[in-house]
Amino acid sequence: MDFDAFISYATADKTVADAACAVLEAAGIRCWVAPRDISPGREYAAAIIDAIDRCRVMVLIFSSRANDSSQVRREIERGASKGVAIMPVRIEKVMPTNLWNISLAIYIGSMP
């Protein structure tokens with residue numbers, strides 16, 4: 001495994017995701033983040049699935065945009081189904097919609 005953390009974020013939150021990646025990598029935590037780590041010519045979805053399957057932890061940049069993103073939800077559901085630890089980073093005071101897994105929704109909702 002050549003990375004530790006997969007960063008999941010809504011496209012509109014790319015600046016925040018890149019900043020989180022920089023902080024983690026400065027601390028020695030290797031990150032995988034799209035599109036930076038998708039090899040040229042590789043199918044986008046396949047690269048994401050492979051990275052989720054290989055990561056140790058997922059960092060969820062949680063915002064109203066992530067809350068509404070079916071892609072972010074699919075990424076988190078994939079990680080949860082594989083037993084990957086999920087670390088939400090809430091960047092807005094927004095409650096998860098009922099489409100999120102109930103245990104994750106309770107966890108995010110309890111964050112200050």
# chains A, B, ... in the order shown; residues from 1 in each chain; ligands from 1
$ select_by_dssp --residues "chain A" --states "helix (DSSP H, G or I)" --output "PyMOL selection string"
chain A and resi 11-26+44-54+64-67+70-81+102-109
$ residues_around --residues "Asp53 of chain A" --least-positions-apart "2" --cutoff "10 Å" --atoms "only C-alpha atoms" --output "VMD selection string"
chain A and resid 6 47 to 51 55 to 56 78 to 79 81 to 84
$ write_last_selection --atoms "all heavy atoms" --output "JSON list (two decimals), in the first residue's frame"
[["chain", "number", "residue", "atom", "x", "y", "z"],
["A", 6, "PHE", "N", -7.68, 7.83, 2.13],
["A", 6, "PHE", "CA", -8.43, 8.21, 0.95],
["A", 6, "PHE", "C", -9.25, 9.43, 1.33],
["A", 6, "PHE", "O", -9.97, 9.40, 2.33],
["A", 6, "PHE", "CB", -9.35, 7.06, 0.54],
["A", 6, "PHE", "CG", -10.25, 7.36, -0.64],
["A", 6, "PHE", "CD1", -9.91, 6.94, -1.91],
["A", 6, "PHE", "CD2", -11.44, 8.06, -0.46],
["A", 6, "PHE", "CE1", -10.74, 7.20, -3.00],
["A", 6, "PHE", "CE2", -12.28, 8.32, -1.54],
["A", 6, "PHE", "CZ", -11.93, 7.90, -2.81],
["A", 47, "ALA", "N", -10.44, 3.46, -10.58],
["A", 47, "ALA", "CA", -9.34, 3.96, -9.75],
["A", 47, "ALA", "C", -9.83, 4.28, -8.34],
["A", 47, "ALA", "O", -9.16, 3.97, -7.35],
["A", 47, "ALA", "CB", -8.72, 5.19, -10.39],
["A", 48, "ILE", "N", -11.01, 4.87, -8.25],
["A", 48, "ILE", "CA", -11.57, 5.21, -6.94],
["A", 48, "ILE", "C", -11.89, 3.95, -6.15],
["A", 48, "ILE", "O", -11.54, 3.84, -4.97],
["A", 48, "ILE", "CB", -12.81, 6.11, -7.10],
["A", 48, "ILE", "CG1", -12.36, 7.51, -7.55],
["A", 48, "ILE", "CG2", -13.63, 6.18, -5.81],
["A", 48, "ILE", "CD1", -13.48, 8.45, -7.91],
["A", 49, "ILE", "N", -12.53, 2.98, -6.78],
["A", 49, "ILE", "CA", -12.86, 1.72, -6.10],
["A", 49, "ILE", "C", -11.60, 1.03, -5.60],
["A", 49, "ILE", "O", -11.52, 0.57, -4.45],
["A", 49, "ILE", "CB", -13.67, 0.81, -7.03],
["A", 49, "ILE", "CG1", -15.08, 1.37, -7.20],
["A", 49, "ILE", "CG2", -13.72, -0.63, -6.48],
["A", 49, "ILE", "CD1", -15.89, 0.71, -8.30],
["A", 50, "ASP", "N", -10.58, 0.96, -6.44],
["A", 50, "ASP", "CA", -9.32, 0.33, -6.05],
["A", 50, "ASP", "C", -8.68, 1.05, -4.86],
["A", 50, "ASP", "O", -8.20, 0.43, -3.93],
["A", 50, "ASP", "CB", -8.36, 0.32, -7.25],
["A", 50, "ASP", "CG", -7.06, -0.38, -6.93],
["A", 50, "ASP", "OD1", -7.10, -1.52, -6.43],
["A", 50, "ASP", "OD2", -6.00, 0.22, -7.17],
["A", 51, "ALA", "N", -8.69, 2.37, -4.91],
["A", 51, "ALA", "CA", -8.08, 3.15, -3.81],
["A", 51, "ALA", "C", -8.84, 2.94, -2.50],
["A", 51, "ALA", "O", -8.23, 2.79, -1.44],
["A", 51, "ALA", "CB", -8.04, 4.62, -4.18],
["A", 55, "CYS", "N", -7.18, 1.49, 1.08],
["A", 55, "CYS", "CA", -6.83, 2.48, 2.10],
["A", 55, "CYS", "C", -7.04, 1.95, 3.52],
["A", 55, "CYS", "O", -7.77, 0.98, 3.73],
["A", 55, "CYS", "CB", -7.62, 3.77, 1.89],
["A", 55, "CYS", "SG", -9.38, 3.68, 2.30],
["A", 56, "ARG", "N", -6.42, 2.61, 4.47],
["A", 56, "ARG", "CA", -6.56, 2.27, 5.89],
["A", 56, "ARG", "C", -7.64, 3.11, 6.55],
["A", 56, "ARG", "O", -8.27, 2.68, 7.52],
["A", 56, "ARG", "CB", -5.23, 2.46, 6.60],
["A", 56, "ARG", "CG", -4.16, 1.52, 6.10],
["A", 56, "ARG", "CD", -2.81, 1.78, 6.71],
["A", 56, "ARG", "NE", -2.89, 1.81, 8.16],
["A", 56, "ARG", "CZ", -2.04, 2.50, 8.92],
["A", 56, "ARG", "NH1", -1.08, 3.21, 8.37],
["A", 56, "ARG", "NH2", -2.14, 2.47, 10.22],
["A", 78, "ARG", "N", -18.99, 2.33, 0.25],
["A", 78, "ARG", "CA", -18.02, 1.32, -0.17],
["A", 78, "ARG", "C", -17.00, 1.10, 0.94],
["A", 78, "ARG", "O", -16.69, -0.04, 1.31],
["A", 78, "ARG", "CB", -17.33, 1.76, -1.46],
["A", 78, "ARG", "CG", -16.17, 0.89, -1.89],
["A", 78, "ARG", "CD", -16.63, -0.16, -2.81],
["A", 78, "ARG", "NE", -15.55, -1.06, -3.17],
["A", 78, "ARG", "CZ", -15.73, -2.07, -3.98],
["A", 78, "ARG", "NH1", -16.90, -2.29, -4.50],
["A", 78, "ARG", "NH2", -14.74, -2.87, -4.26],
["A", 79, "GLY", "N", -16.45, 2.19, 1.46],
["A", 79, "GLY", "CA", -15.47, 2.06, 2.54],
["A", 79, "GLY", "C", -16.05, 1.39, 3.77],
["A", 79, "GLY", "O", -15.43, 0.50, 4.36],
["A", 81, "SER", "N", -18.54, -0.68, 3.93],
["A", 81, "SER", "CA", -18.79, -2.10, 3.65],
["A", 81, "SER", "C", -17.51, -2.92, 3.70],
["A", 81, "SER", "O", -17.56, -4.13, 3.92],
["A", 81, "SER", "CB", -19.49, -2.28, 2.31],
["A", 81, "SER", "OG", -18.59, -2.09, 1.24],
["A", 82, "LYS", "N", -16.36, -2.27, 3.49],
["A", 82, "LYS", "CA", -15.07, -2.94, 3.53],
["A", 82, "LYS", "C", -14.42, -2.86, 4.92],
["A", 82, "LYS", "O", -13.30, -3.31, 5.11],
["A", 82, "LYS", "CB", -14.11, -2.34, 2.50],
["A", 82, "LYS", "CG", -14.57, -2.50, 1.07],
["A", 82, "LYS", "CD", -14.48, -3.94, 0.65],
["A", 82, "LYS", "CE", -14.82, -4.11, -0.81],
["A", 82, "LYS", "NZ", -14.68, -5.49, -1.24],
["A", 83, "GLY", "N", -15.11, -2.21, 5.87],
["A", 83, "GLY", "CA", -14.58, -2.09, 7.22],
["A", 83, "GLY", "C", -13.53, -1.01, 7.38],
["A", 83, "GLY", "O", -12.77, -1.02, 8.35],
["A", 84, "VAL", "N", -13.48, -0.08, 6.45],
["A", 84, "VAL", "CA", -12.50, 1.01, 6.52],
["A", 84, "VAL", "C", -12.97, 2.04, 7.55],
["A", 84, "VAL", "O", -14.14, 2.40, 7.59],
["A", 84, "VAL", "CB", -12.34, 1.68, 5.14],
["A", 84, "VAL", "CG1", -11.40, 2.87, 5.21],
["A", 84, "VAL", "CG2", -11.86, 0.67, 4.11]]
$ closest_residue --among "A:Ala19, A:Arg42, A:Arg54, A:Arg36" --to "Asp4 of chain A" --atoms "only C-alpha atoms"
A:Arg54
$ closest_residue --among "A:Val89, A:Val57, A:Ala17, A:Ala12" --to "Ser69 of chain A" --atoms "only C-alpha atoms"
A:Ala12
$ closest_residue --among "A:Arg30, A:Val94, A:Tyr44, A:Ile52" --to "Asp68 of chain A" --atoms "only C-alpha atoms"
A:Val94
$ residues_around --residues "Ile7 of chain A" --least-positions-apart "4" --cutoff "10 Å" --atoms "only C-alpha atoms" --output "list in words"
Ala17, Asp18, Ala20, Cys21, Cys31, Trp32, Val33, Ala34, Ala51, Ile52, Cys55, Val57, Met58, Val59, Leu60, Ile61, Glu75, Ile86, Met87 and Pro88 of chain A
$ write_last_selection --atoms "N, CA and C atoms" --output "JSON list (two decimals), in the first residue's frame"
[["chain", "number", "residue", "atom", "x", "y", "z"],
["A", 17, "ALA", "N", -10.29, 19.95, 0.38],
["A", 17, "ALA", "CA", -9.71, 18.61, 0.31],
["A", 17, "ALA", "C", -8.21, 18.68, 0.04],
["A", 18, "ASP", "N", -7.80, 19.56, -0.85],
["A", 18, "ASP", "CA", -6.37, 19.72, -1.13],
["A", 18, "ASP", "C", -5.61, 20.24, 0.09],
["A", 20, "ALA", "N", -6.52, 19.77, 3.27],
["A", 20, "ALA", "CA", -6.47, 18.66, 4.22],
["A", 20, "ALA", "C", -5.39, 17.66, 3.82],
["A", 21, "CYS", "N", -5.30, 17.39, 2.53],
["A", 21, "CYS", "CA", -4.27, 16.49, 2.02],
["A", 21, "CYS", "C", -2.87, 17.03, 2.33],
["A", 31, "CYS", "N", -1.64, 10.29, 1.39],
["A", 31, "CYS", "CA", -3.04, 10.41, 0.97],
["A", 31, "CYS", "C", -3.23, 10.04, -0.49],
["A", 32, "TRP", "N", -4.44, 9.57, -0.77],
["A", 32, "TRP", "CA", -4.90, 9.36, -2.14],
["A", 32, "TRP", "C", -6.06, 10.31, -2.33],
["A", 33, "VAL", "N", -5.98, 11.13, -3.37],
["A", 33, "VAL", "CA", -7.05, 12.08, -3.65],
["A", 33, "VAL", "C", -7.22, 12.20, -5.16],
["A", 34, "ALA", "N", -8.48, 12.17, -5.58],
["A", 34, "ALA", "CA", -8.77, 12.35, -7.01],
["A", 34, "ALA", "C", -8.83, 13.85, -7.30],
["A", 51, "ALA", "N", -8.69, 2.37, -4.91],
["A", 51, "ALA", "CA", -8.08, 3.15, -3.81],
["A", 51, "ALA", "C", -8.84, 2.94, -2.50],
["A", 52, "ILE", "N", -10.16, 2.93, -2.56],
["A", 52, "ILE", "CA", -10.95, 2.71, -1.34],
["A", 52, "ILE", "C", -10.65, 1.33, -0.78],
["A", 55, "CYS", "N", -7.18, 1.49, 1.08],
["A", 55, "CYS", "CA", -6.83, 2.48, 2.10],
["A", 55, "CYS", "C", -7.04, 1.95, 3.52],
["A", 57, "VAL", "N", -7.83, 4.33, 6.05],
["A", 57, "VAL", "CA", -8.81, 5.25, 6.62],
["A", 57, "VAL", "C", -9.34, 6.14, 5.50],
["A", 58, "MET", "N", -10.61, 6.54, 5.64],
["A", 58, "MET", "CA", -11.19, 7.50, 4.70],
["A", 58, "MET", "C", -11.42, 8.80, 5.46],
["A", 59, "VAL", "N", -11.00, 9.89, 4.86],
["A", 59, "VAL", "CA", -11.26, 11.22, 5.42],
["A", 59, "VAL", "C", -12.39, 11.81, 4.59],
["A", 60, "LEU", "N", -13.51, 12.04, 5.24],
["A", 60, "LEU", "CA", -14.68, 12.61, 4.58],
["A", 60, "LEU", "C", -14.73, 14.11, 4.85],
["A", 61, "ILE", "N", -14.59, 14.90, 3.81],
["A", 61, "ILE", "CA", -14.76, 16.36, 3.92],
["A", 61, "ILE", "C", -16.28, 16.58, 3.82],
["A", 75, "GLU", "N", -18.92, 6.44, -2.22],
["A", 75, "GLU", "CA", -17.56, 6.20, -1.74],
["A", 75, "GLU", "C", -17.55, 5.78, -0.28],
["A", 86, "ILE", "N", -13.72, 5.55, 9.01],
["A", 86, "ILE", "CA", -14.13, 6.79, 8.35],
["A", 86, "ILE", "C", -14.00, 7.93, 9.34],
["A", 87, "MET", "N", -13.25, 8.96, 8.94],
["A", 87, "MET", "CA", -13.03, 10.12, 9.78],
["A", 87, "MET", "C", -13.68, 11.33, 9.12],
["A", 88, "PRO", "N", -14.86, 11.74, 9.58],
["A", 88, "PRO", "CA", -15.50, 12.91, 8.99],
["A", 88, "PRO", "C", -14.85, 14.20, 9.48]]
